[in-house]
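Undergrad: My questions all concern the structure below.
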Amino acid sequence: MAKRTFSMLETFLIFLLVLMTLITVALLSLLFITSGTIENHKDSGLPSTQSSPATIGSTAIQEPAHTDGTTTTQAPPVVSTPEPPLFQNFSGYHIGVGRADCTGQVADINLMGYSKTGQNARGILTRLYSRAFVIAEPDRLNRMVFVSVDIGMVSQRLRLEVLNRLQRKYGSLYRRDNVVLSGTHTHSGPAGFFQYTVFVIASEGFSSRTFEYMVTGIVKSIEMAHRNMKPGKIFINKGIVEGAQINRSPSSYLQNPESERARYSSNTDKEMVVLKMQDLNGAELGLLSWFAIHPVSMNNSNHLVNSDNVGYASYLFEQEKNKGYLPGQGPYVAAFASSNLGDVSPNVRGPHCINTGESCDNANSSCPIGGPSMCVAVGPGQDMLHSTQIIGRIIYQRAKELYDSASQEVTGPLVAAHQWVNMTDVTVQLNSTHTAKTCKPALGYSFAAGTIDGFGSLNFTQGTTVGNPFWDTLRDQILGKPSEEIKECHKPKPILLHTGELTKPHPWHPDIVDVQIVTIGYLAITATPGEFTTMSGRRLREAVQAEFATNGMENMTIVISGLCNVYTHYITTFEEYQAQRYEAASTIYGPHTLSAYIQLFRGLAKAIATDTVANLSRGPEPPFFKQLIASLIPNIPDRTPIGKNFGDVLQPAQPTYRVGEVAEVTFVGANPKNSAENQTHQTFLTVEKYEAASASWWTVHNDASWETRFYWHKGLRGHSNATIQWHIPDTAQPGTYRIRYFGHSRKQEFLKPAVILPFESASPTFQVVTAW
């Protein structure tokens, strides 16, 4: 083999990588006061990590004195929350729905999903929401909560804190076994809510603001659903969705047995499952659906927080049902939850070399000129926002058809089963004579390559099955050598990061993982802790369904609910694992991960079917780490230009616009992350129309509207501008309008704690006309 030489560019990149790594290691040593300190929430209660309390109408919030921006509060006694009056003599369920804001920071924080350095938040396209569904039997003794959250994934820390707060308020009503938290997997939400080191590094630190905002939003949505419970019925429907997805690793899919592939008409799961919820009078309450699609229509050049394609589907459905309400408001709740989306992309035009236009749909997703960084898949639209809306509308329209025609009622008892499992040490019974074991976590070379939806920053290639001496040596010098045991266990994966053997400052990946099934009559929701590929999801569904049938529960409908409770990257089939594309390299517990999950979920299904859930072991409880790396981005005071105030208009709108044009105003701004700490205002912007009859202004859009954009432009020494755009829709009525800006500034006086002060302003008025 010829000796590998490096170009000047590669040498420079390698030097930068080594330098960045050394700096990171040094910072880790400085930032940690007590490395490895953990707390078991069963024994002592989970610590509540909170920013300073915010109340509507407050004028200032004093900043905590802790260096990591957190305070720890003592767990209060359980507070009993009354439920609506009990109503038992009916056929159906008690149903409650709730929706709450969980957006978090929209500036000075990485976006979670692509792990691209520099892809930080610089504003907002849409708010992120937690959508909760509480379902209980008529006597309310058995119940479950399903929450779909507009975030990249649910972290273990997030779930543990949510469960802790629910326990403090409701006692044993909502527990680890009957609460399911699922992330939609938008790649345009803020990071910073994790505790394992790999994700903390990807987030560029832990954000107490965002963590608290998300926890509060999730809990609030559950509280709303709890209060809103009323007798009702659930109907189910299923149907095929066309034109919204492709398989982004088709060569890996082809590794699966031909006889197995022949049973399916597509290399993606096209079926959508829809639950329609209504009260006993037929009034509509909500929709909950599952469909396998990656919310990556917004690519890694995006800097605006948003909920991507499935969020747009929710927006369309809720706007239709909540007529007269602003986005994010109204009683009706529509959630589009994730499923086995591991190898599924919405970028339906497929991968092409951006420099030549030729297809790069090959095993390595690489171009003849430029390599893998030139191979990019694009969606059906003119740009990423247009593609987001096209895919979201396809999902919405099919869901609406299935929802409107749903007539099969879901009936039967509610049962929940849950275990914590040490996924690094599961013995898998492959057949009557052979067993295998899962591995300590590790990431392969192709993990660093990224995908056709977002390639990696270094020149790694998908499908790599042999390590590179340079990268191996660099890893060994910085992090230590991986053991022979972990290398042997993960074969044929060449290990880039042996995360299961790295424990400083905290473990780099989780060992303890949730497995959970909740049944509503003949519907079983399998809460999976990661991203199952298409065929992995099919095998899991089939195995769980067979286990139910073997034990007397036939004709069960099995739903794969993705990214639930704790994030463990991807789960491929054993055959797909051999090809070592991105998804396989990110299957962190080794080649038998899927077999282990199938075995574990079959155990839960059997326990439910045989009424032996009470005999299931709880399993080893996960840790909750106390000290985490705080964000390296400092909190600095906001400043205005001389002679200006926060909110002053720097660039006004034009006097007149037609529908279809973009109204734009630029203001003297302040850092939007302050608004995640002091929530005096519930929006960064409003578009308002003047009504002469009442001599008042009426809000027609807020920052949850897909017609608005809020851009934050960061300057030097605390100076910044905020630009608000309104993309005027065809439905806009002629008249007089204005744009308002709501923000919070950070004020810091010498030797005094910082305070956060709200401000608001309005643009000069402008006219909207239908034609010149």
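Just so we're on the same page: first chain in the structure tokens is A, next is B, and so on; residues restart at 1 for each chain, and ligands are numbered from 1 in the order they show up.
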Within 12 Å of Ser696 in chain A, counting only C-alpha atoms, which residues show up once you throw out same-chain ones fewer than 5 positions away? Write them as a count of residues only, please.

TA: 6

Undergrad: Between A:Leu496, A:Ala549, A:Ile588, A:Phe291, which one has atoms that come closest to Leu474 in chain A, using only C-alpha atoms?

TA: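 Ranking A:Leu496, A:Ala549, A:Ile588, A:Phe291 by distance to Leu474 in chain A, first place goes to A:Leu496.
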
Undergrad: Just asking: which residues within range 242-363 of chain A are strand (DSSP E or B) according to DSSP, as a PDB file with N, CA, C and O atoms, in the first residue's frame?

TA:
```
ATOM      1  N   ILE A 246     -37.159   9.280   0.934  1.00  0.00           N
ATOM      2  CA  ILE A 246     -36.310   8.306   0.257  1.00  0.00           C
ATOM      3  C   ILE A 246     -35.433   7.642   1.306  1.00  0.00           C
ATOM      4  O   ILE A 246     -35.291   8.149   2.419  1.00  0.00           O
ATOM      5  N   ASN A 247     -34.848   6.507   0.949  1.00  0.00           N
ATOM      6  CA  ASN A 247     -33.857   5.876   1.817  1.00  0.00           C
ATOM      7  C   ASN A 247     -32.498   6.497   1.498  1.00  0.00           C
ATOM      8  O   ASN A 247     -32.070   6.499   0.352  1.00  0.00           O
ATOM      9  N   GLU A 271     -46.056   3.848   5.737  1.00  0.00           N
ATOM     10  CA  GLU A 271     -47.335   3.853   6.450  1.00  0.00           C
ATOM     11  C   GLU A 271     -47.354   4.893   7.557  1.00  0.00           C
ATOM     12  O   GLU A 271     -46.419   5.015   8.346  1.00  0.00           O
ATOM     13  N   MET A 272     -48.442   5.638   7.595  1.00  0.00           N
ATOM     14  CA  MET A 272     -48.714   6.589   8.666  1.00  0.00           C
ATOM     15  C   MET A 272     -49.824   6.034   9.538  1.00  0.00           C
ATOM     16  O   MET A 272     -50.819   5.509   9.035  1.00  0.00           O
ATOM     17  N   VAL A 273     -49.653   6.138  10.848  1.00  0.00           N
ATOM     18  CA  VAL A 273     -50.684   5.743  11.810  1.00  0.00           C
ATOM     19  C   VAL A 273     -51.236   7.012  12.448  1.00  0.00           C
ATOM     20  O   VAL A 273     -50.467   7.871  12.891  1.00  0.00           O
ATOM     21  N   VAL A 274     -52.544   7.132  12.476  1.00  0.00           N
ATOM     22  CA  VAL A 274     -53.210   8.340  12.980  1.00  0.00           C
ATOM     23  C   VAL A 274     -54.207   7.956  14.072  1.00  0.00           C
ATOM     24  O   VAL A 274     -55.006   7.027  13.896  1.00  0.00           O
ATOM     25  N   LEU A 275     -54.145   8.664  15.194  1.00  0.00           N
ATOM     26  CA  LEU A 275     -55.157   8.559  16.243  1.00  0.00           C
ATOM     27  C   LEU A 275     -55.987   9.829  16.262  1.00  0.00           C
ATOM     28  O   LEU A 275     -55.451  10.940  16.325  1.00  0.00           O
ATOM     29  N   LYS A 276     -57.295   9.674  16.181  1.00  0.00           N
ATOM     30  CA  LYS A 276     -58.235  10.793  16.241  1.00  0.00           C
ATOM     31  C   LYS A 276     -58.913  10.778  17.597  1.00  0.00           C
ATOM     32  O   LYS A 276     -59.484   9.763  18.008  1.00  0.00           O
ATOM     33  N   MET A 277     -58.861  11.894  18.304  1.00  0.00           N
ATOM     34  CA  MET A 277     -59.428  11.973  19.649  1.00  0.00           C
ATOM     35  C   MET A 277     -60.559  12.989  19.679  1.00  0.00           C
ATOM     36  O   MET A 277     -60.405  14.114  19.179  1.00  0.00           O
ATOM     37  N   GLN A 278     -61.671  12.596  20.271  1.00  0.00           N
ATOM     38  CA  GLN A 278     -62.820  13.494  20.394  1.00  0.00           C
ATOM     39  C   GLN A 278     -63.564  13.194  21.681  1.00  0.00           C
ATOM     40  O   GLN A 278     -63.427  12.106  22.266  1.00  0.00           O
ATOM     41  N   ASP A 279     -64.374  14.165  22.150  1.00  0.00           N
ATOM     42  CA  ASP A 279     -65.143  13.899  23.363  1.00  0.00           C
ATOM     43  C   ASP A 279     -66.427  13.163  23.004  1.00  0.00           C
ATOM     44  O   ASP A 279     -66.685  12.855  21.828  1.00  0.00           O
ATOM     45  N   GLU A 284     -63.886  17.712  18.565  1.00  0.00           N
ATOM     46  CA  GLU A 284     -62.523  17.239  18.309  1.00  0.00           C
ATOM     47  C   GLU A 284     -61.551  17.758  19.359  1.00  0.00           C
ATOM     48  O   GLU A 284     -61.572  18.931  19.729  1.00  0.00           O
ATOM     49  N   LEU A 285     -60.675  16.860  19.819  1.00  0.00           N
ATOM     50  CA  LEU A 285     -59.694  17.210  20.843  1.00  0.00           C
ATOM     51  C   LEU A 285     -58.276  17.258  20.293  1.00  0.00           C
ATOM     52  O   LEU A 285     -57.509  18.158  20.618  1.00  0.00           O
ATOM     53  N   GLY A 286     -57.923  16.254  19.485  1.00  0.00           N
ATOM     54  CA  GLY A 286     -56.551  16.244  19.011  1.00  0.00           C
ATOM     55  C   GLY A 286     -56.251  15.111  18.060  1.00  0.00           C
ATOM     56  O   GLY A 286     -57.078  14.220  17.814  1.00  0.00           O
ATOM     57  N   LEU A 287     -55.063  15.173  17.500  1.00  0.00           N
ATOM     58  CA  LEU A 287     -54.537  14.152  16.605  1.00  0.00           C
ATOM     59  C   LEU A 287     -53.143  13.782  17.074  1.00  0.00           C
ATOM     60  O   LEU A 287     -52.339  14.650  17.435  1.00  0.00           O
ATOM     61  N   LEU A 288     -52.847  12.482  17.072  1.00  0.00           N
ATOM     62  CA  LEU A 288     -51.509  11.977  17.344  1.00  0.00           C
ATOM     63  C   LEU A 288     -51.163  10.985  16.248  1.00  0.00           C
ATOM     64  O   LEU A 288     -51.915  10.034  16.016  1.00  0.00           O
ATOM     65  N   SER A 289     -50.049  11.225  15.559  1.00  0.00           N
ATOM     66  CA  SER A 289     -49.697  10.345  14.450  1.00  0.00           C
ATOM     67  C   SER A 289     -48.214  10.003  14.494  1.00  0.00           C
ATOM     68  O   SER A 289     -47.407  10.699  15.126  1.00  0.00           O
ATOM     69  N   TRP A 290     -47.860   8.908  13.809  1.00  0.00           N
ATOM     70  CA  TRP A 290     -46.477   8.480  13.675  1.00  0.00           C
ATOM     71  C   TRP A 290     -46.182   8.242  12.200  1.00  0.00           C
ATOM     72  O   TRP A 290     -46.962   7.612  11.486  1.00  0.00           O
ATOM     73  N   VAL A 305     -34.121  28.870  14.579  1.00  0.00           N
ATOM     74  CA  VAL A 305     -34.811  27.819  15.325  1.00  0.00           C
ATOM     75  C   VAL A 305     -36.166  27.549  14.684  1.00  0.00           C
ATOM     76  O   VAL A 305     -36.930  28.485  14.410  1.00  0.00           O
ATOM     77  N   VAL A 333     -54.922  20.093  19.639  1.00  0.00           N
ATOM     78  CA  VAL A 333     -53.489  19.763  19.602  1.00  0.00           C
ATOM     79  C   VAL A 333     -53.248  18.672  18.563  1.00  0.00           C
ATOM     80  O   VAL A 333     -53.923  17.635  18.576  1.00  0.00           O
ATOM     81  N   ALA A 334     -52.288  18.904  17.672  1.00  0.00           N
ATOM     82  CA  ALA A 334     -51.940  17.921  16.629  1.00  0.00           C
ATOM     83  C   ALA A 334     -50.443  17.657  16.674  1.00  0.00           C
ATOM     84  O   ALA A 334     -49.638  18.571  16.475  1.00  0.00           O
ATOM     85  N   ALA A 335     -50.071  16.413  16.932  1.00  0.00           N
ATOM     86  CA  ALA A 335     -48.657  16.034  17.040  1.00  0.00           C
ATOM     87  C   ALA A 335     -48.301  15.026  15.961  1.00  0.00           C
ATOM     88  O   ALA A 335     -49.037  14.062  15.736  1.00  0.00           O
ATOM     89  N   PHE A 336     -47.164  15.258  15.318  1.00  0.00           N
ATOM     90  CA  PHE A 336     -46.623  14.332  14.331  1.00  0.00           C
ATOM     91  C   PHE A 336     -45.319  13.780  14.895  1.00  0.00           C
ATOM     92  O   PHE A 336     -44.255  14.397  14.789  1.00  0.00           O
ATOM     93  N   ALA A 337     -45.417  12.613  15.511  1.00  0.00           N
ATOM     94  CA  ALA A 337     -44.300  12.039  16.258  1.00  0.00           C
ATOM     95  C   ALA A 337     -43.375  11.248  15.339  1.00  0.00           C
ATOM     96  O   ALA A 337     -43.753  10.822  14.247  1.00  0.00           O
ATOM     97  N   VAL A 344     -34.107   7.397   6.692  1.00  0.00           N
ATOM     98  CA  VAL A 344     -35.149   8.001   5.857  1.00  0.00           C
ATOM     99  C   VAL A 344     -34.922   9.506   5.740  1.00  0.00           C
ATOM    100  O   VAL A 344     -34.808  10.204   6.748  1.00  0.00           O
ATOM    101  N   SER A 345     -34.876   9.993   4.520  1.00  0.00           N
ATOM    102  CA  SER A 345     -34.627  11.412   4.253  1.00  0.00           C
ATOM    103  C   SER A 345     -35.822  12.032   3.523  1.00  0.00           C
ATOM    104  O   SER A 345     -36.448  11.389   2.689  1.00  0.00           O
ATOM    105  N   PRO A 351     -29.219  12.372  -3.693  1.00  0.00           N
ATOM    106  CA  PRO A 351     -27.878  12.953  -3.613  1.00  0.00           C
ATOM    107  C   PRO A 351     -27.264  13.216  -4.985  1.00  0.00           C
ATOM    108  O   PRO A 351     -27.288  12.355  -5.868  1.00  0.00           O
ATOM    109  N   HIS A 352     -26.716  14.403  -5.132  1.00  0.00           N
ATOM    110  CA  HIS A 352     -26.015  14.778  -6.355  1.00  0.00           C
ATOM    111  C   HIS A 352     -24.757  15.561  -5.987  1.00  0.00           C
ATOM    112  O   HIS A 352     -24.691  16.204  -4.940  1.00  0.00           O
ATOM    113  N   CYS A 353     -23.772  15.489  -6.860  1.00  0.00           N
ATOM    114  CA  CYS A 353     -22.544  16.258  -6.672  1.00  0.00           C
ATOM    115  C   CYS A 353     -22.853  17.727  -6.958  1.00  0.00           C
ATOM    116  O   CYS A 353     -23.264  18.071  -8.071  1.00  0.00           O
ATOM    117  N   SER A 359     -25.188  12.179 -10.211  1.00  0.00           N
ATOM    118  CA  SER A 359     -25.640  11.439  -9.045  1.00  0.00           C
ATOM    119  C   SER A 359     -24.450  10.896  -8.258  1.00  0.00           C
ATOM    120  O   SER A 359     -23.437  10.484  -8.832  1.00  0.00           O
TER     121      SER A 359
END
```

Undergrad: Please determine, counting only C-alpha atoms, which residue among A:Ser115, A:Gln408, A:Asn555, A:Ser339 has the shortest atom-to-atom distance to Leu540 in chain A.

TA: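 Nearest to Leu540 in chain A: A:Ser339.
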
Undergrad: I'd like the neighbourhood of range 666-677 of chain A as a ChimeraX atom specification, where a residue qualifies if any of its atoms comes within 8 Å (using only C-alpha atoms), though same-chain residues fewer than 4 positions away should be ignored.

TA: /A:51-52,54,104-108,123,209-210,213,638-640,644-652,681,712,714,718-724,741,743-746,756

Undergrad: Residues within 9 Å of Arg393 in chain A, please, as a PyMOL selection string. Count only C-alpha atoms; anything in the same chain fewer than 6 positions from it doesn't count.

TA: chain A and resi 309-310+312-313+316
